[in-house]
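Enquirer: One file is attached below, model.txt, containing compact mmCIF, N, CA and C atoms.
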# COMPACT_ATOMS: atom_id res chain seq x y z
N MET A 16 -23.51 23.39 30.17
CA MET A 16 -23.54 22.59 28.97
C MET A 16 -22.80 21.28 29.24
N ALA A 17 -23.37 20.18 28.85
CA ALA A 17 -22.76 18.87 29.09
C ALA A 17 -21.62 18.63 28.10
N ASP A 18 -20.61 17.92 28.56
CA ASP A 18 -19.49 17.58 27.68
C ASP A 18 -19.95 16.54 26.67
N ALA A 19 -19.50 16.70 25.44
CA ALA A 19 -19.81 15.71 24.40
C ALA A 19 -19.01 14.46 24.69
N PRO A 20 -19.59 13.28 24.40
CA PRO A 20 -18.83 12.05 24.63
C PRO A 20 -17.61 12.00 23.72
N ALA A 21 -16.54 11.50 24.26
CA ALA A 21 -15.30 11.38 23.48
C ALA A 21 -15.50 10.37 22.36
N ALA A 22 -15.05 10.74 21.17
CA ALA A 22 -15.14 9.83 20.04
C ALA A 22 -14.17 8.67 20.25
N GLU A 23 -14.59 7.50 19.80
CA GLU A 23 -13.74 6.32 19.93
C GLU A 23 -12.57 6.41 18.96
N LYS A 24 -11.38 6.11 19.46
CA LYS A 24 -10.17 6.14 18.64
C LYS A 24 -10.30 5.10 17.53
N GLN A 25 -9.92 5.49 16.32
CA GLN A 25 -10.00 4.59 15.17
C GLN A 25 -8.62 4.43 14.55
N THR A 26 -8.52 3.42 13.71
CA THR A 26 -7.32 3.21 12.91
C THR A 26 -7.72 3.48 11.47
N LYS A 27 -7.02 4.42 10.84
CA LYS A 27 -7.38 4.84 9.48
C LYS A 27 -6.22 4.60 8.53
N PRO A 28 -6.53 4.06 7.34
CA PRO A 28 -5.46 3.86 6.34
C PRO A 28 -5.08 5.17 5.69
N ILE A 29 -3.84 5.29 5.27
CA ILE A 29 -3.36 6.50 4.63
C ILE A 29 -3.86 6.62 3.19
N VAL A 30 -4.17 5.50 2.55
CA VAL A 30 -4.72 5.49 1.19
C VAL A 30 -5.97 4.61 1.18
N PRO A 31 -6.93 4.90 0.31
CA PRO A 31 -8.19 4.15 0.33
C PRO A 31 -8.07 2.68 -0.06
N PHE A 32 -7.02 2.29 -0.78
CA PHE A 32 -6.91 0.88 -1.18
C PHE A 32 -6.19 0.02 -0.14
N LEU A 33 -5.75 0.62 0.97
CA LEU A 33 -5.22 -0.15 2.11
C LEU A 33 -6.40 -0.44 3.03
N LYS A 34 -6.73 -1.69 3.20
CA LYS A 34 -7.88 -2.08 4.01
C LYS A 34 -7.40 -2.62 5.35
N ILE A 35 -8.03 -2.14 6.41
CA ILE A 35 -7.69 -2.57 7.76
C ILE A 35 -8.91 -3.29 8.33
N PRO A 36 -8.87 -4.63 8.42
CA PRO A 36 -10.02 -5.38 8.92
C PRO A 36 -10.37 -4.98 10.35
N ALA A 37 -11.67 -5.10 10.67
CA ALA A 37 -12.14 -4.79 12.02
C ALA A 37 -11.58 -5.80 13.03
N ASP A 38 -11.39 -7.05 12.59
CA ASP A 38 -10.85 -8.10 13.45
C ASP A 38 -9.33 -7.88 13.60
N PRO A 39 -8.85 -7.61 14.81
CA PRO A 39 -7.42 -7.35 15.01
C PRO A 39 -6.52 -8.55 14.70
N ASN A 40 -7.11 -9.74 14.58
CA ASN A 40 -6.32 -10.92 14.23
C ASN A 40 -6.06 -11.03 12.73
N GLU A 41 -6.79 -10.25 11.94
CA GLU A 41 -6.60 -10.26 10.49
C GLU A 41 -5.60 -9.17 10.10
N LYS A 42 -4.75 -9.49 9.13
CA LYS A 42 -3.73 -8.55 8.68
C LYS A 42 -4.33 -7.54 7.69
N PRO A 43 -3.85 -6.29 7.72
CA PRO A 43 -4.25 -5.33 6.70
C PRO A 43 -3.82 -5.84 5.32
N TYR A 44 -4.51 -5.37 4.29
CA TYR A 44 -4.21 -5.84 2.93
C TYR A 44 -4.52 -4.74 1.92
N LEU A 45 -3.98 -4.91 0.73
CA LEU A 45 -4.27 -4.00 -0.38
C LEU A 45 -5.46 -4.57 -1.14
N GLN A 46 -6.39 -3.69 -1.50
CA GLN A 46 -7.58 -4.12 -2.23
C GLN A 46 -7.43 -3.71 -3.69
N GLY A 47 -7.90 -4.60 -4.55
CA GLY A 47 -7.88 -4.34 -5.97
C GLY A 47 -9.25 -4.53 -6.56
N SER A 48 -9.34 -4.28 -7.86
CA SER A 48 -10.57 -4.49 -8.62
C SER A 48 -10.25 -5.39 -9.79
N LYS A 49 -11.16 -6.33 -10.04
CA LYS A 49 -10.97 -7.27 -11.15
C LYS A 49 -12.17 -7.16 -12.09
N CYS A 50 -11.88 -6.97 -13.37
CA CYS A 50 -12.93 -6.86 -14.37
C CYS A 50 -13.61 -8.22 -14.54
N LYS A 51 -14.93 -8.24 -14.42
CA LYS A 51 -15.69 -9.49 -14.57
C LYS A 51 -15.76 -9.91 -16.03
N ASN A 52 -15.48 -8.98 -16.95
CA ASN A 52 -15.58 -9.26 -18.38
C ASN A 52 -14.29 -9.87 -18.94
N CYS A 53 -13.12 -9.23 -18.63
CA CYS A 53 -11.86 -9.70 -19.24
C CYS A 53 -10.84 -10.20 -18.23
N GLY A 54 -11.08 -9.96 -16.93
CA GLY A 54 -10.17 -10.44 -15.90
C GLY A 54 -9.02 -9.51 -15.57
N ALA A 55 -8.96 -8.33 -16.19
CA ALA A 55 -7.90 -7.36 -15.88
C ALA A 55 -8.00 -6.96 -14.42
N THR A 56 -6.85 -6.78 -13.78
CA THR A 56 -6.82 -6.45 -12.35
C THR A 56 -6.14 -5.10 -12.16
N TYR A 57 -6.69 -4.34 -11.21
CA TYR A 57 -6.20 -3.00 -10.92
C TYR A 57 -6.03 -2.81 -9.43
N LEU A 58 -5.19 -1.86 -9.05
CA LEU A 58 -5.03 -1.48 -7.65
C LEU A 58 -6.14 -0.50 -7.30
N GLY A 59 -6.85 -0.75 -6.22
CA GLY A 59 -7.90 0.14 -5.77
C GLY A 59 -9.21 -0.04 -6.53
N ALA A 60 -10.15 0.84 -6.23
CA ALA A 60 -11.49 0.78 -6.84
C ALA A 60 -11.45 1.40 -8.23
N ARG A 61 -12.20 0.80 -9.14
CA ARG A 61 -12.29 1.30 -10.52
C ARG A 61 -13.75 1.36 -10.94
N MET A 62 -14.07 2.33 -11.77
CA MET A 62 -15.43 2.47 -12.31
C MET A 62 -15.56 1.74 -13.64
N ALA A 63 -14.46 1.58 -14.38
CA ALA A 63 -14.49 0.95 -15.68
C ALA A 63 -13.14 0.28 -15.95
N CYS A 64 -13.14 -0.66 -16.88
CA CYS A 64 -11.93 -1.37 -17.25
C CYS A 64 -11.24 -0.64 -18.40
N SER A 65 -9.97 -0.33 -18.26
CA SER A 65 -9.23 0.35 -19.32
C SER A 65 -8.71 -0.63 -20.38
N LYS A 66 -8.88 -1.93 -20.13
CA LYS A 66 -8.44 -2.93 -21.11
C LYS A 66 -9.55 -3.25 -22.11
N CYS A 67 -10.76 -3.55 -21.60
CA CYS A 67 -11.87 -3.93 -22.49
C CYS A 67 -12.97 -2.87 -22.53
N PHE A 68 -12.81 -1.81 -21.73
CA PHE A 68 -13.74 -0.68 -21.66
C PHE A 68 -15.11 -1.05 -21.08
N SER A 69 -15.19 -2.16 -20.38
CA SER A 69 -16.44 -2.55 -19.73
C SER A 69 -16.75 -1.57 -18.60
N THR A 70 -18.02 -1.22 -18.48
CA THR A 70 -18.45 -0.36 -17.37
C THR A 70 -19.27 -1.15 -16.36
N GLU A 71 -19.26 -2.47 -16.49
CA GLU A 71 -19.94 -3.32 -15.51
C GLU A 71 -19.21 -3.20 -14.17
N PRO A 72 -19.92 -3.35 -13.06
CA PRO A 72 -19.25 -3.28 -11.76
C PRO A 72 -18.10 -4.29 -11.65
N MET A 73 -17.03 -3.85 -11.06
CA MET A 73 -15.86 -4.71 -10.90
C MET A 73 -15.98 -5.51 -9.60
N GLU A 74 -15.22 -6.61 -9.56
CA GLU A 74 -15.17 -7.45 -8.36
C GLU A 74 -14.04 -6.94 -7.46
N ASP A 75 -14.34 -6.71 -6.18
CA ASP A 75 -13.30 -6.34 -5.23
C ASP A 75 -12.49 -7.58 -4.88
N ILE A 76 -11.16 -7.48 -4.92
CA ILE A 76 -10.32 -8.62 -4.59
C ILE A 76 -9.24 -8.19 -3.60
N ARG A 77 -8.79 -9.16 -2.83
CA ARG A 77 -7.68 -8.96 -1.90
C ARG A 77 -6.39 -9.27 -2.65
N LEU A 78 -5.48 -8.31 -2.70
CA LEU A 78 -4.22 -8.51 -3.39
C LEU A 78 -3.21 -9.18 -2.47
N SER A 79 -2.25 -9.83 -3.06
CA SER A 79 -1.20 -10.53 -2.32
C SER A 79 -0.36 -9.55 -1.51
N ASP A 80 0.16 -10.01 -0.39
CA ASP A 80 1.06 -9.17 0.40
C ASP A 80 2.52 -9.48 0.08
N LYS A 81 2.75 -10.29 -0.95
CA LYS A 81 4.10 -10.62 -1.40
C LYS A 81 4.26 -10.16 -2.84
N GLY A 82 5.45 -9.73 -3.19
CA GLY A 82 5.70 -9.29 -4.55
C GLY A 82 7.18 -9.30 -4.85
N GLU A 83 7.52 -8.67 -5.98
CA GLU A 83 8.92 -8.57 -6.41
C GLU A 83 9.26 -7.12 -6.68
N LEU A 84 10.45 -6.72 -6.28
CA LEU A 84 10.93 -5.37 -6.53
C LEU A 84 11.15 -5.19 -8.03
N HIS A 85 10.42 -4.27 -8.62
CA HIS A 85 10.52 -4.04 -10.06
C HIS A 85 11.57 -2.97 -10.36
N VAL A 86 11.47 -1.85 -9.67
CA VAL A 86 12.41 -0.75 -9.87
C VAL A 86 12.48 0.05 -8.57
N PHE A 87 13.61 0.72 -8.36
CA PHE A 87 13.75 1.52 -7.14
C PHE A 87 14.62 2.74 -7.40
N SER A 88 14.50 3.69 -6.50
CA SER A 88 15.35 4.88 -6.51
C SER A 88 15.63 5.25 -5.07
N ILE A 89 16.83 5.65 -4.80
CA ILE A 89 17.17 6.11 -3.45
C ILE A 89 17.03 7.62 -3.43
N VAL A 90 16.13 8.09 -2.58
CA VAL A 90 15.80 9.51 -2.50
C VAL A 90 16.67 10.16 -1.44
N HIS A 91 17.40 11.19 -1.86
CA HIS A 91 18.30 11.89 -0.94
C HIS A 91 17.81 13.28 -0.58
N GLN A 92 16.82 13.79 -1.32
CA GLN A 92 16.28 15.12 -1.04
C GLN A 92 14.77 15.02 -1.15
N SER A 93 14.06 15.51 -0.12
CA SER A 93 12.61 15.38 -0.09
C SER A 93 12.00 16.64 0.53
N ALA A 94 10.70 16.57 0.75
CA ALA A 94 9.99 17.68 1.38
C ALA A 94 10.47 17.86 2.82
N PRO A 95 10.33 19.06 3.35
CA PRO A 95 10.73 19.29 4.75
C PRO A 95 9.99 18.33 5.68
N GLY A 96 10.73 17.79 6.64
CA GLY A 96 10.13 16.88 7.61
C GLY A 96 10.15 15.42 7.20
N VAL A 97 10.51 15.12 5.96
CA VAL A 97 10.59 13.73 5.50
C VAL A 97 12.05 13.30 5.59
N PRO A 98 12.34 12.33 6.47
CA PRO A 98 13.73 11.90 6.63
C PRO A 98 14.27 11.23 5.36
N THR A 99 15.49 11.58 5.02
CA THR A 99 16.16 10.96 3.87
C THR A 99 17.48 10.38 4.35
N PRO A 100 18.09 9.46 3.65
CA PRO A 100 17.61 8.85 2.41
C PRO A 100 16.57 7.76 2.69
N TYR A 101 15.76 7.48 1.67
CA TYR A 101 14.82 6.36 1.73
C TYR A 101 14.70 5.75 0.35
N VAL A 102 14.12 4.56 0.29
CA VAL A 102 14.00 3.84 -0.97
C VAL A 102 12.57 3.94 -1.47
N ALA A 103 12.39 4.62 -2.60
CA ALA A 103 11.09 4.67 -3.29
C ALA A 103 11.13 3.58 -4.35
N ALA A 104 10.01 2.86 -4.51
CA ALA A 104 10.05 1.71 -5.40
C ALA A 104 8.70 1.44 -6.06
N ILE A 105 8.74 0.57 -7.04
CA ILE A 105 7.54 -0.03 -7.61
C ILE A 105 7.68 -1.53 -7.41
N VAL A 106 6.65 -2.12 -6.82
CA VAL A 106 6.63 -3.55 -6.55
C VAL A 106 5.55 -4.19 -7.42
N ASP A 107 5.91 -5.28 -8.09
CA ASP A 107 4.96 -6.05 -8.88
C ASP A 107 4.35 -7.13 -8.02
N LEU A 108 3.01 -7.20 -8.01
CA LEU A 108 2.30 -8.25 -7.28
C LEU A 108 1.91 -9.36 -8.23
N PRO A 109 1.70 -10.59 -7.72
CA PRO A 109 1.41 -11.72 -8.60
C PRO A 109 0.13 -11.57 -9.42
N GLU A 110 -0.78 -10.72 -8.98
CA GLU A 110 -2.04 -10.52 -9.70
C GLU A 110 -1.86 -9.67 -10.96
N GLY A 111 -0.64 -9.19 -11.20
CA GLY A 111 -0.38 -8.36 -12.37
C GLY A 111 -0.50 -6.88 -12.10
N VAL A 112 -0.57 -6.51 -10.84
CA VAL A 112 -0.70 -5.12 -10.41
C VAL A 112 0.66 -4.63 -9.92
N SER A 113 0.97 -3.37 -10.20
CA SER A 113 2.17 -2.74 -9.66
C SER A 113 1.75 -1.68 -8.67
N VAL A 114 2.53 -1.53 -7.59
CA VAL A 114 2.20 -0.56 -6.56
C VAL A 114 3.43 0.26 -6.22
N ARG A 115 3.23 1.59 -6.15
CA ARG A 115 4.30 2.48 -5.71
C ARG A 115 4.36 2.42 -4.19
N CYS A 116 5.57 2.36 -3.66
CA CYS A 116 5.71 2.22 -2.20
C CYS A 116 7.14 2.57 -1.79
N ASN A 117 7.38 2.47 -0.51
CA ASN A 117 8.74 2.58 0.02
C ASN A 117 9.21 1.19 0.40
N ILE A 118 10.50 0.99 0.33
CA ILE A 118 11.10 -0.26 0.80
C ILE A 118 11.72 0.04 2.15
N ALA A 119 11.27 -0.67 3.17
CA ALA A 119 11.74 -0.45 4.54
C ALA A 119 12.60 -1.64 4.98
N GLY A 120 13.26 -1.48 6.09
CA GLY A 120 14.00 -2.59 6.68
C GLY A 120 15.28 -2.94 5.96
N VAL A 121 15.77 -2.02 5.15
CA VAL A 121 17.02 -2.25 4.44
C VAL A 121 17.74 -0.90 4.33
N GLU A 122 19.05 -0.93 4.51
CA GLU A 122 19.85 0.27 4.38
C GLU A 122 19.72 0.79 2.94
N PRO A 123 19.41 2.09 2.74
CA PRO A 123 19.23 2.61 1.38
C PRO A 123 20.55 2.72 0.62
N ASP A 124 21.00 1.59 0.13
CA ASP A 124 22.24 1.48 -0.64
C ASP A 124 21.96 0.51 -1.79
N PRO A 125 22.32 0.85 -3.02
CA PRO A 125 22.04 -0.03 -4.16
C PRO A 125 22.57 -1.46 -3.99
N GLN A 126 23.63 -1.63 -3.19
CA GLN A 126 24.18 -2.97 -2.98
C GLN A 126 23.21 -3.86 -2.21
N ASN A 127 22.27 -3.27 -1.47
CA ASN A 127 21.34 -4.04 -0.65
C ASN A 127 20.03 -4.35 -1.36
N LEU A 128 19.87 -3.86 -2.59
CA LEU A 128 18.62 -4.01 -3.33
C LEU A 128 18.90 -4.66 -4.68
N LYS A 129 18.06 -5.58 -5.07
CA LYS A 129 18.22 -6.27 -6.35
C LYS A 129 16.87 -6.28 -7.07
N PHE A 130 16.88 -5.96 -8.35
CA PHE A 130 15.66 -6.04 -9.13
C PHE A 130 15.16 -7.48 -9.12
N GLY A 131 13.88 -7.67 -8.89
CA GLY A 131 13.32 -9.00 -8.83
C GLY A 131 13.37 -9.64 -7.46
N MET A 132 13.99 -8.98 -6.47
CA MET A 132 14.07 -9.58 -5.13
C MET A 132 12.67 -9.67 -4.51
N PRO A 133 12.40 -10.76 -3.79
CA PRO A 133 11.09 -10.91 -3.15
C PRO A 133 10.93 -9.95 -1.98
N VAL A 134 9.73 -9.38 -1.88
CA VAL A 134 9.41 -8.45 -0.80
C VAL A 134 8.06 -8.81 -0.19
N GLN A 135 7.86 -8.35 1.03
CA GLN A 135 6.64 -8.65 1.82
C GLN A 135 6.08 -7.33 2.33
N MET A 136 4.75 -7.17 2.22
CA MET A 136 4.12 -5.95 2.72
C MET A 136 4.06 -5.93 4.24
N VAL A 137 4.32 -4.76 4.81
CA VAL A 137 4.17 -4.54 6.25
C VAL A 137 3.41 -3.23 6.44
N THR A 138 2.79 -3.09 7.60
CA THR A 138 2.09 -1.85 7.91
C THR A 138 2.60 -1.32 9.24
N GLU A 139 2.45 -0.02 9.42
CA GLU A 139 2.82 0.59 10.70
C GLU A 139 2.06 1.89 10.86
N THR A 140 1.82 2.24 12.11
CA THR A 140 1.22 3.53 12.42
C THR A 140 2.28 4.59 12.22
N ILE A 141 1.98 5.57 11.38
CA ILE A 141 2.99 6.59 11.07
C ILE A 141 2.73 7.92 11.77
N ARG A 142 1.49 8.13 12.21
CA ARG A 142 1.18 9.37 12.92
C ARG A 142 -0.20 9.27 13.55
N THR A 143 -0.55 10.30 14.28
CA THR A 143 -1.89 10.42 14.86
C THR A 143 -2.52 11.67 14.26
N ASP A 144 -3.77 11.56 13.78
CA ASP A 144 -4.41 12.72 13.18
C ASP A 144 -4.97 13.66 14.24
N ARG A 145 -5.60 14.73 13.83
CA ARG A 145 -6.11 15.75 14.76
C ARG A 145 -7.16 15.22 15.72
N GLU A 146 -7.88 14.21 15.29
CA GLU A 146 -8.93 13.62 16.15
C GLU A 146 -8.38 12.53 17.06
N GLY A 147 -7.08 12.26 16.99
CA GLY A 147 -6.47 11.24 17.84
C GLY A 147 -6.50 9.85 17.26
N ASN A 148 -6.84 9.71 15.98
CA ASN A 148 -6.88 8.41 15.32
C ASN A 148 -5.49 8.04 14.81
N ASP A 149 -5.17 6.74 14.85
CA ASP A 149 -3.91 6.26 14.29
C ASP A 149 -4.01 6.20 12.78
N VAL A 150 -3.02 6.72 12.07
CA VAL A 150 -2.96 6.66 10.62
C VAL A 150 -1.93 5.60 10.26
N VAL A 151 -2.37 4.62 9.47
CA VAL A 151 -1.54 3.46 9.13
C VAL A 151 -1.12 3.54 7.66
N ALA A 152 0.16 3.28 7.41
CA ALA A 152 0.71 3.23 6.06
C ALA A 152 1.30 1.85 5.81
N PHE A 153 1.53 1.55 4.53
CA PHE A 153 2.15 0.28 4.17
C PHE A 153 3.48 0.56 3.48
N SER A 154 4.34 -0.42 3.56
CA SER A 154 5.60 -0.42 2.82
C SER A 154 5.92 -1.89 2.57
N PHE A 155 7.01 -2.14 1.89
CA PHE A 155 7.44 -3.51 1.66
C PHE A 155 8.84 -3.66 2.23
N ARG A 156 9.15 -4.87 2.68
CA ARG A 156 10.47 -5.23 3.21
C ARG A 156 11.00 -6.42 2.44
N PRO A 157 12.31 -6.57 2.36
CA PRO A 157 12.85 -7.78 1.76
C PRO A 157 12.30 -9.02 2.48
N ALA A 158 11.87 -10.01 1.70
CA ALA A 158 11.27 -11.22 2.29
C ALA A 158 12.35 -12.19 2.72
Re-express the file's structure as structure tokens.
Expert:
Amino acid sequence: MADAPAAEKQTKPIVPFLKIPADPNEKPYLQGSKCKNCGATYLGARMACSKCFSTEPMEDIRLSDKGELHVFSIVHQSAPGVPTPYVAAIVDLPEGVSVRCNIAGVEPDPQNLKFGMPVQMVTETIRTDREGNDVVAFSFRPA
């Protein structure tokens, strides 16, 4: 029996709204949906607008990679295998969307974090899946 050809290694996002362009010169980004009827913006794909209840197809938009720290919590106890402490947060983007994320690149101490501080999205490979593909996640760092 002949060996099956090896599948080509891929880069896969950890969540569907994290988009990784095929061109390696382009940066990954968060994708949102914008209502064509009222202009409301959402994180990820949406079937309908919860503001005006329109069921017309939404416009896919690229969300900003910069935002402001809205709220945070320092997590000291987590699931097995998840290193603690870490900073769990909600970041507000200029498009009016909020995203849950981790804050990286800063010591998890309240003195190092300020509500409203500017942050920048970063991505990194966090693991390799069973098929050998890189799994990429996003977080935000102080800008």
Enquirer: Would you please work out which residue, of A:Val137, A:Ile89, A:Lys24, A:Pro109, is nearest to Ser154 in chain A when using only N, CA and C atoms?
Expert: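 Among A:Val137, A:Ile89, A:Lys24, A:Pro109, it is A:Val137 that comes nearest to Ser154 in chain A.
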Enquirer: What's around Gly82 in chain A at 6 Å? Count all atoms listed in the file, leave out sequence neighbours fewer than 4 positions away in its own chain, and write the answer as a PDB file with N, CA and C atoms, in the coordinates of the input.
Expert:
ATOM      1  N   VAL A 106       6.650  -2.120  -6.820  1.00  0.00           N
ATOM      2  CA  VAL A 106       6.630  -3.550  -6.550  1.00  0.00           C
ATOM      3  C   VAL A 106       5.550  -4.190  -7.420  1.00  0.00           C
ATOM      4  N   ASP A 107       5.910  -5.280  -8.090  1.00  0.00           N
ATOM      5  CA  ASP A 107       4.960  -6.050  -8.880  1.00  0.00           C
ATOM      6  C   ASP A 107       4.350  -7.130  -8.020  1.00  0.00           C
ATOM      7  N   LEU A 108       3.010  -7.200  -8.010  1.00  0.00           N
ATOM      8  CA  LEU A 108       2.300  -8.250  -7.280  1.00  0.00           C
ATOM      9  C   LEU A 108       1.910  -9.360  -8.230  1.00  0.00           C
ATOM     10  N   PRO A 109       1.700 -10.590  -7.720  1.00  0.00           N
ATOM     11  CA  PRO A 109       1.410 -11.720  -8.600  1.00  0.00           C
ATOM     12  C   PRO A 109       0.130 -11.570  -9.420  1.00  0.00           C
ATOM     13  N   MET A 132      13.990  -8.980  -6.470  1.00  0.00           N
ATOM     14  CA  MET A 132      14.070  -9.580  -5.130  1.00  0.00           C
ATOM     15  C   MET A 132      12.670  -9.670  -4.510  1.00  0.00           C
ATOM     16  N   PRO A 133      12.400 -10.760  -3.790  1.00  0.00           N
ATOM     17  CA  PRO A 133      11.090 -10.910  -3.150  1.00  0.00           C
ATOM     18  C   PRO A 133      10.930  -9.950  -1.980  1.00  0.00           C
ATOM     19  N   VAL A 134       9.730  -9.380  -1.880  1.00  0.00           N
ATOM     20  CA  VAL A 134       9.410  -8.450  -0.800  1.00  0.00           C
ATOM     21  C   VAL A 134       8.060  -8.810  -0.190  1.00  0.00           C
ATOM     22  N   GLN A 135       7.860  -8.350   1.030  1.00  0.00           N
ATOM     23  CA  GLN A 135       6.640  -8.650   1.820  1.00  0.00           C
ATOM     24  C   GLN A 135       6.080  -7.330   2.330  1.00  0.00           C
TER      25      GLN A 135
END
Enquirer: Could you tell me how far atom N of Ala60 in chain A lies from atom N of Val150 in chain A, in Å and to one decimal?
Expert: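 Separation between atom N of Ala60 in chain A and atom N of Val150 in chain A: 20.5 Å.
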Enquirer: Within 10 Å of (15.4, -12.3, -11.2), in the coordinates the file gives, what residues turn up when you count only C-alpha atoms, written out as a ChimeraX atom specification?
Expert: /A:83-85,129-133
Enquirer: Which polymer residues have any atom within 12 Å of an atom of range 27-29 of chain A, counting only C-alpha atoms, with same-chain residues fewer than 5 positions away left out, as a PDB file with N, CA and C atoms, in the coordinates of the input?
Expert:
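The resulting part05.pdb:
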ATOM      1  N   LYS A  34      -6.730  -1.690   3.200  1.00  0.00           N
ATOM      2  CA  LYS A  34      -7.880  -2.080   4.010  1.00  0.00           C
ATOM      3  C   LYS A  34      -7.400  -2.620   5.350  1.00  0.00           C
ATOM      4  N   ILE A  35      -8.030  -2.140   6.410  1.00  0.00           N
ATOM      5  CA  ILE A  35      -7.690  -2.570   7.760  1.00  0.00           C
ATOM      6  C   ILE A  35      -8.910  -3.290   8.330  1.00  0.00           C
ATOM      7  N   PRO A  36      -8.870  -4.630   8.420  1.00  0.00           N
ATOM      8  CA  PRO A  36     -10.020  -5.380   8.920  1.00  0.00           C
ATOM      9  C   PRO A  36     -10.370  -4.980  10.350  1.00  0.00           C
ATOM     10  N   ALA A  37     -11.670  -5.100  10.670  1.00  0.00           N
ATOM     11  CA  ALA A  37     -12.140  -4.790  12.020  1.00  0.00           C
ATOM     12  C   ALA A  37     -11.580  -5.800  13.030  1.00  0.00           C
ATOM     13  N   PRO A  43      -3.850  -6.290   7.720  1.00  0.00           N
ATOM     14  CA  PRO A  43      -4.250  -5.330   6.700  1.00  0.00           C
ATOM     15  C   PRO A  43      -3.820  -5.840   5.320  1.00  0.00           C
ATOM     16  N   TYR A  44      -4.510  -5.370   4.290  1.00  0.00           N
ATOM     17  CA  TYR A  44      -4.210  -5.840   2.930  1.00  0.00           C
ATOM     18  C   TYR A  44      -4.520  -4.740   1.920  1.00  0.00           C
ATOM     19  N   LEU A  45      -3.980  -4.910   0.730  1.00  0.00           N
ATOM     20  CA  LEU A  45      -4.270  -4.000  -0.380  1.00  0.00           C
ATOM     21  C   LEU A  45      -5.460  -4.570  -1.140  1.00  0.00           C
ATOM     22  N   GLN A  46      -6.390  -3.690  -1.500  1.00  0.00           N
ATOM     23  CA  GLN A  46      -7.580  -4.120  -2.230  1.00  0.00           C
ATOM     24  C   GLN A  46      -7.430  -3.710  -3.690  1.00  0.00           C
ATOM     25  N   THR A 138       2.790  -3.090   7.600  1.00  0.00           N
ATOM     26  CA  THR A 138       2.090  -1.850   7.910  1.00  0.00           C
ATOM     27  C   THR A 138       2.600  -1.320   9.240  1.00  0.00           C
ATOM     28  N   GLU A 139       2.450  -0.020   9.420  1.00  0.00           N
ATOM     29  CA  GLU A 139       2.820   0.590  10.700  1.00  0.00           C
ATOM     30  C   GLU A 139       2.060   1.890  10.860  1.00  0.00           C
ATOM     31  N   THR A 140       1.820   2.240  12.110  1.00  0.00           N
ATOM     32  CA  THR A 140       1.220   3.530  12.420  1.00  0.00           C
ATOM     33  C   THR A 140       2.280   4.590  12.220  1.00  0.00           C
ATOM     34  N   ILE A 141       1.980   5.570  11.380  1.00  0.00           N
ATOM     35  CA  ILE A 141       2.990   6.590  11.070  1.00  0.00           C
ATOM     36  C   ILE A 141       2.730   7.920  11.770  1.00  0.00           C
ATOM     37  N   ARG A 142       1.490   8.130  12.210  1.00  0.00           N
ATOM     38  CA  ARG A 142       1.180   9.370  12.920  1.00  0.00           C
ATOM     39  C   ARG A 142      -0.200   9.270  13.550  1.00  0.00           C
ATOM     40  N   THR A 143      -0.550  10.300  14.280  1.00  0.00           N
ATOM     41  CA  THR A 143      -1.890  10.420  14.860  1.00  0.00           C
ATOM     42  C   THR A 143      -2.520  11.670  14.260  1.00  0.00           C
ATOM     43  N   ASP A 144      -3.770  11.560  13.780  1.00  0.00           N
ATOM     44  CA  ASP A 144      -4.410  12.720  13.180  1.00  0.00           C
ATOM     45  C   ASP A 144      -4.970  13.660  14.240  1.00  0.00           C
ATOM     46  N   GLU A 146      -7.880  14.210  15.290  1.00  0.00           N
ATOM     47  CA  GLU A 146      -8.930  13.620  16.150  1.00  0.00           C
ATOM     48  C   GLU A 146      -8.380  12.530  17.060  1.00  0.00           C
ATOM     49  N   GLY A 147      -7.080  12.260  16.990  1.00  0.00           N
ATOM     50  CA  GLY A 147      -6.470  11.240  17.840  1.00  0.00           C
ATOM     51  C   GLY A 147      -6.500   9.850  17.260  1.00  0.00           C
ATOM     52  N   ASN A 148      -6.840   9.710  15.980  1.00  0.00           N
ATOM     53  CA  ASN A 148      -6.880   8.410  15.320  1.00  0.00           C
ATOM     54  C   ASN A 148      -5.490   8.040  14.810  1.00  0.00           C
ATOM     55  N   ASP A 149      -5.170   6.740  14.850  1.00  0.00           N
ATOM     56  CA  ASP A 149      -3.910   6.260  14.290  1.00  0.00           C
ATOM     57  C   ASP A 149      -4.010   6.200  12.780  1.00  0.00           C
ATOM     58  N   VAL A 150      -3.020   6.720  12.070  1.00  0.00           N
ATOM     59  CA  VAL A 150      -2.960   6.660  10.620  1.00  0.00           C
ATOM     60  C   VAL A 150      -1.930   5.600  10.260  1.00  0.00           C
ATOM     61  N   VAL A 151      -2.370   4.620   9.470  1.00  0.00           N
ATOM     62  CA  VAL A 151      -1.540   3.460   9.130  1.00  0.00           C
ATOM     63  C   VAL A 151      -1.120   3.540   7.660  1.00  0.00           C
ATOM     64  N   ALA A 152       0.160   3.280   7.410  1.00  0.00           N
ATOM     65  CA  ALA A 152       0.710   3.230   6.060  1.00  0.00           C
ATOM     66  C   ALA A 152       1.300   1.850   5.810  1.00  0.00           C
ATOM     67  N   PHE A 153       1.530   1.550   4.530  1.00  0.00           N
ATOM     68  CA  PHE A 153       2.150   0.280   4.170  1.00  0.00           C
ATOM     69  C   PHE A 153       3.480   0.560   3.480  1.00  0.00           C
ATOM     70  N   SER A 154       4.340  -0.420   3.560  1.00  0.00           N
ATOM     71  CA  SER A 154       5.600  -0.420   2.820  1.00  0.00           C
ATOM     72  C   SER A 154       5.920  -1.890   2.570  1.00  0.00           C
TER      73      SER A 154
END
Enquirer: From (-11.4, 2.6, -2.3), in the file's coordinates, out to 6 Å: which residues are reached, counting all atoms listed in the file? Answer as a PyMOL selection string.
Expert: chain A and resi 31-32+59-60
Enquirer: Determine, counting only C-alpha atoms, which protein, DNA and RNA residues have an atom within 9 Å of an atom of Arg61 in chain A; residues of the same chain fewer than 2 positions away are not included. Present the result as a list in words.
Expert: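 Counting only C-alpha atoms, the residues come to Gly47, Ser48, Lys49, Tyr57, Leu58, Gly59, Ala63, Cys64, Pro72 and Met73 of chain A.
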